[in-house]
Amino acid sequence: GIQVEQSPPDLILQEGANSTLRCNFSDSVNNLQWFHQNPWGQLINLFYIPSGTKQNGRLSATTVATERYSLLYISSSQTTDSGVYFCAVEPNTNAGKSTFGDGTTLTVKP
Amino acid sequence: EADIYQTPRYLVIGTGKKITLECSQTMGHDKMYWYQQDPGMELHLIHYSYGVNSTEKGDLSSESTVSRIRTEHFPLTLESARPSHTSQYLCASSESGGTGELFFGEGSRLTVL
């Protein structure tokens with residue numbers, strides 16, 4: 001099946017700093033999503049981004065489908081950004097079933 | 001904001017008990033999913049359904065079972081819970097013929113003593 005690798009596995013930032021999270025995948029995909037899992041375990045949709053670039057406030061994401069990676073940018077980080085960020089991809093060969101990466105655990109210190 | 005609901009949010013039970021985790025969505029989505037997530041780990045698909053009376057096993061083997069009698073409802077059942085079933089169970093849905101974007105419930109955190 002498709003392999004999804006996220007980096008870095010852990011990231012510690014000071015409040016106000018910027019960061020880039022990466023998601024690499026091993027096969028062509030129909031769609032790609034970024035999620036934030038809050039400390040209570042809930043998964044919050046950040047971006048649906050199979051290709052191109054999107055922005056939502058301090059967050060933005062870029063997916064280069066031909067090179068099989070996606071980047072999530074967080075600018076001016078806040079303590080509430082802390083949590084685990086997951087990338088999930090739906091491969092062309094397995095439509096309707098998404099595979100998740102291992103996640104990046106972000107800690108933003110005040 | 002997604003309209004998908006899971007109950008209970010937290011459940012602590014003894015070994016051997018039968019439990020059912022409820023999942024309902026009001027978006028009219030045909031596709032529904034159950035993922036299992038151990039603390040600090042990635043999510044694994046254990047069951048999915050593409051419509052009423054359609055259920056399939058996911059990539060991770062699970063002793064749980066599911067049913068899909070109504071479009072909006074996708075309950076998960078463990079006939080005899082064991083400590084190895086302790087985990088978080090996350091329900092999701094997506095629209096058929098749409099983008100495939102997943103929407104998740106808040107999760108059910110199960111602890112089996």
# chains A, B, ... in the order shown; residues from 1 in each chain; ligands from 1
>>> closest_atom_pairs(of="chain A", to="chain B", cutoff="7 Å", atoms="only C-alpha atoms", output="Markdown table")
| residue | atom | partner | partner_atom | distance |
| --- | --- | --- | --- | --- |
| A:Gly41 | CA | B:Gly107 | CA | 6.8 |
| A:Gln42 | CA | B:Glu106 | CA | 4.7 |
| A:Leu43 | CA | B:Phe104 | CA | 6.2 |
| A:Tyr48 | CA | B:Glu101 | CA | 6.5 |
| A:Gly96 | CA | B:Gly100 | CA | 6.7 |
| A:Phe100 | CA | B:Leu43 | CA | 6.0 |
| A:Gly101 | CA | B:Glu42 | CA | 6.3 |
| A:Asp102 | CA | B:Glu42 | CA | 4.7 |
| A:Gly103 | CA | B:Glu42 | CA | 6.6 |
>>> closest_residue(among="B:Ser67, B:Ser62, B:Ser93, B:Thr7", to="B:Gln36", atoms="only C-alpha atoms")
B:Ser62
>>> residues_around(residues="B:Gly28", least_positions_apart="3", cutoff="8 Å", atoms="only C-alpha atoms", output="tab-separated table (two decimals) with N, CA and C atoms, in the first residue's frame")
chain	number	residue	atom	x	y	z
B	25	GLN	N	-24.20	10.81	11.67
B	25	GLN	CA	-23.89	12.03	10.92
B	25	GLN	C	-25.17	12.55	10.25
B	71	THR	N	-28.49	5.25	6.69
B	71	THR	CA	-27.41	6.06	6.13
B	71	THR	C	-26.67	6.84	7.19
B	72	GLU	N	-27.41	7.38	8.16
B	72	GLU	CA	-26.80	8.31	9.11
B	72	GLU	C	-26.13	7.62	10.30
B	95	GLU	N	-18.51	12.37	1.46
B	95	GLU	CA	-19.59	12.39	0.48
B	95	GLU	C	-19.23	11.55	-0.74
>>> select_by_dssp(residues="stretch 6-40 of chain A", states="strand (DSSP E)", output="ChimeraX atom specification")
/A:6-7,10-14,19-25,29-37
>>> residues_around(residues="stretch 78-92 of chain A", least_positions_apart="5", cutoff="8 Å", atoms="only C-alpha atoms", output="MDAnalysis selection string")
chainID A and resid 2 4 6 15:16 23 25 27:39 97:110
>>> write_last_selection(atoms="N, CA and C atoms", output="compact mmCIF listing (two decimals), in the first residue's frame")
# COMPACT_ATOMS: atom_id res chain seq x y z
N ILE A 2 0.18 2.37 -0.08
CA ILE A 2 0.88 3.65 -0.13
C ILE A 2 1.59 3.93 1.20
N VAL A 4 3.16 6.85 3.72
CA VAL A 4 3.04 8.27 4.03
C VAL A 4 4.02 8.59 5.15
N GLN A 6 5.81 11.62 7.50
CA GLN A 6 5.76 13.01 7.94
C GLN A 6 7.04 13.36 8.68
N GLU A 15 6.70 30.67 21.06
CA GLU A 15 5.55 31.41 20.53
C GLU A 15 6.03 32.52 19.60
N GLY A 16 5.35 32.64 18.45
CA GLY A 16 5.72 33.66 17.48
C GLY A 16 6.60 33.16 16.35
N CYS A 23 4.98 16.31 4.38
CA CYS A 23 4.32 15.02 4.17
C CYS A 23 4.77 14.48 2.82
N PHE A 25 4.60 11.15 0.17
CA PHE A 25 3.80 9.96 -0.10
C PHE A 25 4.36 9.24 -1.32
N ASP A 27 2.88 7.27 -3.73
CA ASP A 27 2.12 6.93 -4.93
C ASP A 27 1.20 8.10 -5.29
N SER A 28 0.62 8.02 -6.46
CA SER A 28 -0.31 9.08 -6.90
C SER A 28 -1.56 9.05 -6.03
N VAL A 29 -2.09 10.26 -5.76
CA VAL A 29 -3.23 10.36 -4.84
C VAL A 29 -4.39 11.12 -5.47
N ASN A 30 -5.60 10.75 -5.02
CA ASN A 30 -6.80 11.48 -5.42
C ASN A 30 -6.98 12.72 -4.57
N ASN A 31 -6.68 12.59 -3.29
CA ASN A 31 -6.79 13.77 -2.44
C ASN A 31 -5.84 13.68 -1.27
N LEU A 32 -5.64 14.80 -0.63
CA LEU A 32 -4.74 14.91 0.52
C LEU A 32 -5.35 15.90 1.48
N GLN A 33 -5.34 15.55 2.76
CA GLN A 33 -5.87 16.44 3.79
C GLN A 33 -4.83 16.61 4.89
N TRP A 34 -4.85 17.78 5.52
CA TRP A 34 -4.10 18.05 6.73
C TRP A 34 -5.10 18.22 7.87
N PHE A 35 -4.77 17.57 9.02
CA PHE A 35 -5.60 17.65 10.21
C PHE A 35 -4.76 18.10 11.39
N HIS A 36 -5.41 18.74 12.35
CA HIS A 36 -4.81 19.04 13.64
C HIS A 36 -5.58 18.26 14.70
N GLN A 37 -4.88 17.44 15.47
CA GLN A 37 -5.53 16.72 16.56
C GLN A 37 -5.26 17.47 17.86
N ASN A 38 -6.33 17.93 18.48
CA ASN A 38 -6.16 18.72 19.69
C ASN A 38 -5.93 17.81 20.90
N PRO A 39 -5.58 18.39 22.05
CA PRO A 39 -5.27 17.56 23.22
C PRO A 39 -6.41 16.66 23.67
N LYS A 97 -10.36 5.18 0.50
CA LYS A 97 -9.71 4.76 1.74
C LYS A 97 -8.47 5.58 1.95
N SER A 98 -8.47 6.39 2.98
CA SER A 98 -7.33 7.26 3.26
C SER A 98 -6.34 6.61 4.21
N THR A 99 -5.07 6.87 3.95
CA THR A 99 -3.98 6.40 4.80
C THR A 99 -3.35 7.60 5.49
N PHE A 100 -3.12 7.47 6.80
CA PHE A 100 -2.56 8.56 7.59
C PHE A 100 -1.06 8.38 7.80
N GLY A 101 -0.35 9.50 7.88
CA GLY A 101 1.04 9.48 8.31
C GLY A 101 1.13 9.33 9.82
N ASP A 102 2.38 9.26 10.32
CA ASP A 102 2.61 9.08 11.75
C ASP A 102 2.36 10.36 12.55
N GLY A 103 2.29 11.49 11.86
CA GLY A 103 2.03 12.74 12.54
C GLY A 103 3.29 13.48 12.96
N THR A 104 3.14 14.78 13.13
CA THR A 104 4.17 15.64 13.71
C THR A 104 3.60 16.25 14.98
N THR A 105 4.29 16.03 16.10
CA THR A 105 3.85 16.60 17.37
C THR A 105 4.49 17.96 17.56
N LEU A 106 3.66 18.98 17.60
CA LEU A 106 4.13 20.35 17.74
C LEU A 106 3.85 20.86 19.15
N THR A 107 4.88 21.40 19.76
CA THR A 107 4.73 22.04 21.08
C THR A 107 5.16 23.48 20.94
N VAL A 108 4.26 24.41 21.24
CA VAL A 108 4.57 25.83 21.18
C VAL A 108 4.64 26.34 22.61
N LYS A 109 5.81 26.86 22.99
CA LYS A 109 6.02 27.33 24.36
C LYS A 109 5.78 28.84 24.45
N PRO A 110 5.18 29.27 25.55
CA PRO A 110 4.91 30.72 25.71
C PRO A 110 6.19 31.51 25.97
>>> residues_around(residues="stretch 60-62 of chain A", least_positions_apart="2", cutoff="10 Å", atoms="only C-alpha atoms", output="list in words")
Thr20, Leu21, Arg22, Gln33, Trp34, Leu46, Phe47, Tyr48, Ile49, Pro50, Ser51, Gly52, Thr53, Lys54, Gln55, Asn56, Gly57, Arg58, Val64, Ala65, Tyr69, Ser70, Leu71, Leu72, Tyr73, Ile74 and Ser75 of chain A
>>> residues_around(residues="A:Ala17", least_positions_apart="2", cutoff="7 Å", atoms="only C-alpha atoms", output="ChimeraX atom specification")
/A:13-15,19,75-77
>>> write_last_selection(atoms="N, CA and C atoms", output="compact mmCIF listing (two decimals), in the first residue's frame")
# COMPACT_ATOMS: atom_id res chain seq x y z
N LEU A 13 8.69 24.85 19.47
CA LEU A 13 8.87 26.24 19.03
C LEU A 13 8.57 27.20 20.16
N GLN A 14 9.14 28.38 20.03
CA GLN A 14 8.78 29.47 20.91
C GLN A 14 7.59 30.20 20.25
N GLU A 15 6.70 30.67 21.06
CA GLU A 15 5.55 31.41 20.53
C GLU A 15 6.03 32.52 19.60
N SER A 19 6.99 27.72 11.24
CA SER A 19 7.41 26.33 11.07
C SER A 19 6.86 25.77 9.78
N SER A 75 2.60 30.13 10.59
CA SER A 75 3.33 31.38 10.87
C SER A 75 2.87 31.95 12.21
N SER A 76 3.77 32.70 12.84
CA SER A 76 3.47 33.36 14.12
C SER A 76 2.75 32.40 15.07
N SER A 77 3.39 31.29 15.36
CA SER A 77 2.74 30.21 16.11
C SER A 77 2.25 30.67 17.48
>>> atom_distance(atom1="atom CA of B:Ser87", atom2="atom CA of B:His73")
21.2 Å
>>> decode(residues="stretch 26-99 of chain A", atoms="C-alpha atoms", output="CSV table (one decimal), in the first residue's frame")
chain,number,residue,atom,x,y,z
A,26,SER,CA,4.9,7.1,-2.3
A,27,ASP,CA,2.1,6.9,-4.9
A,28,SER,CA,-0.3,9.1,-6.9
A,29,VAL,CA,-3.2,10.4,-4.8
A,30,ASN,CA,-6.8,11.5,-5.4
A,31,ASN,CA,-6.8,13.8,-2.4
A,32,LEU,CA,-4.7,14.9,0.5
A,33,GLN,CA,-5.9,16.4,3.8
A,34,TRP,CA,-4.1,18.1,6.7
A,35,PHE,CA,-5.6,17.6,10.2
A,36,HIS,CA,-4.8,19.0,13.6
A,37,GLN,CA,-5.5,16.7,16.6
A,38,ASN,CA,-6.2,18.7,19.7
A,39,PRO,CA,-5.3,17.6,23.2
A,40,TRP,CA,-8.8,16.1,23.6
A,41,GLY,CA,-8.2,13.8,20.6
A,42,GLN,CA,-10.5,15.5,18.1
A,43,LEU,CA,-9.3,15.8,14.5
A,44,ILE,CA,-9.9,19.2,13.0
A,45,ASN,CA,-9.8,19.7,9.2
A,46,LEU,CA,-7.2,22.2,8.2
A,47,PHE,CA,-6.9,21.8,4.5
A,48,TYR,CA,-8.2,19.6,1.7
A,49,ILE,CA,-5.4,20.1,-0.8
A,50,PRO,CA,-4.7,17.4,-3.5
A,51,SER,CA,-2.7,20.0,-5.4
A,52,GLY,CA,-1.8,23.7,-5.4
A,53,THR,CA,-1.7,26.2,-2.5
A,54,LYS,CA,-4.3,27.3,0.0
A,55,GLN,CA,-4.2,29.7,2.9
A,56,ASN,CA,-6.3,30.1,6.0
A,57,GLY,CA,-5.2,32.8,8.3
A,58,ARG,CA,-1.8,32.0,9.8
A,59,LEU,CA,-1.8,28.6,8.1
A,60,SER,CA,-1.1,27.7,4.5
A,61,ALA,CA,-0.4,24.5,2.6
A,62,THR,CA,1.1,23.5,-0.7
A,63,THR,CA,0.9,20.1,-2.4
A,64,VAL,CA,3.1,19.3,-5.4
A,65,ALA,CA,1.4,16.1,-6.6
A,66,THR,CA,3.9,15.4,-9.3
A,67,GLU,CA,6.7,15.2,-6.7
A,68,ARG,CA,4.5,13.5,-4.1
A,69,TYR,CA,4.8,15.9,-1.2
A,70,SER,CA,2.9,18.4,0.7
A,71,LEU,CA,3.9,21.2,3.1
A,72,LEU,CA,2.0,22.8,5.9
A,73,TYR,CA,3.2,26.3,7.0
A,74,ILE,CA,2.4,27.7,10.4
A,75,SER,CA,3.3,31.4,10.9
A,76,SER,CA,3.5,33.4,14.1
A,77,SER,CA,2.7,30.2,16.1
A,78,GLN,CA,0.6,30.3,19.2
A,79,THR,CA,0.3,28.0,22.2
A,80,THR,CA,-3.1,26.8,20.9
A,81,ASP,CA,-1.3,25.5,17.8
A,82,SER,CA,0.2,22.7,19.9
A,83,GLY,CA,-0.9,19.2,19.2
A,84,VAL,CA,-0.4,16.6,16.5
A,85,TYR,CA,-0.6,17.4,12.8
A,86,PHE,CA,-1.6,14.5,10.5
A,87,CYS,CA,-1.4,14.2,6.8
A,88,ALA,CA,-3.9,11.8,5.1
A,89,VAL,CA,-3.9,10.7,1.5
A,90,GLU,CA,-6.3,8.7,-0.6
A,91,PRO,CA,-4.3,6.8,-3.3
A,92,ASN,CA,-5.5,6.5,-6.9
A,93,THR,CA,-5.3,2.7,-6.6
A,94,ASN,CA,-7.5,2.6,-3.4
A,95,ALA,CA,-10.1,5.2,-3.9
A,96,GLY,CA,-12.2,6.0,-0.8
A,97,LYS,CA,-9.7,4.8,1.7
A,98,SER,CA,-7.3,7.3,3.3
A,99,THR,CA,-4.0,6.4,4.8
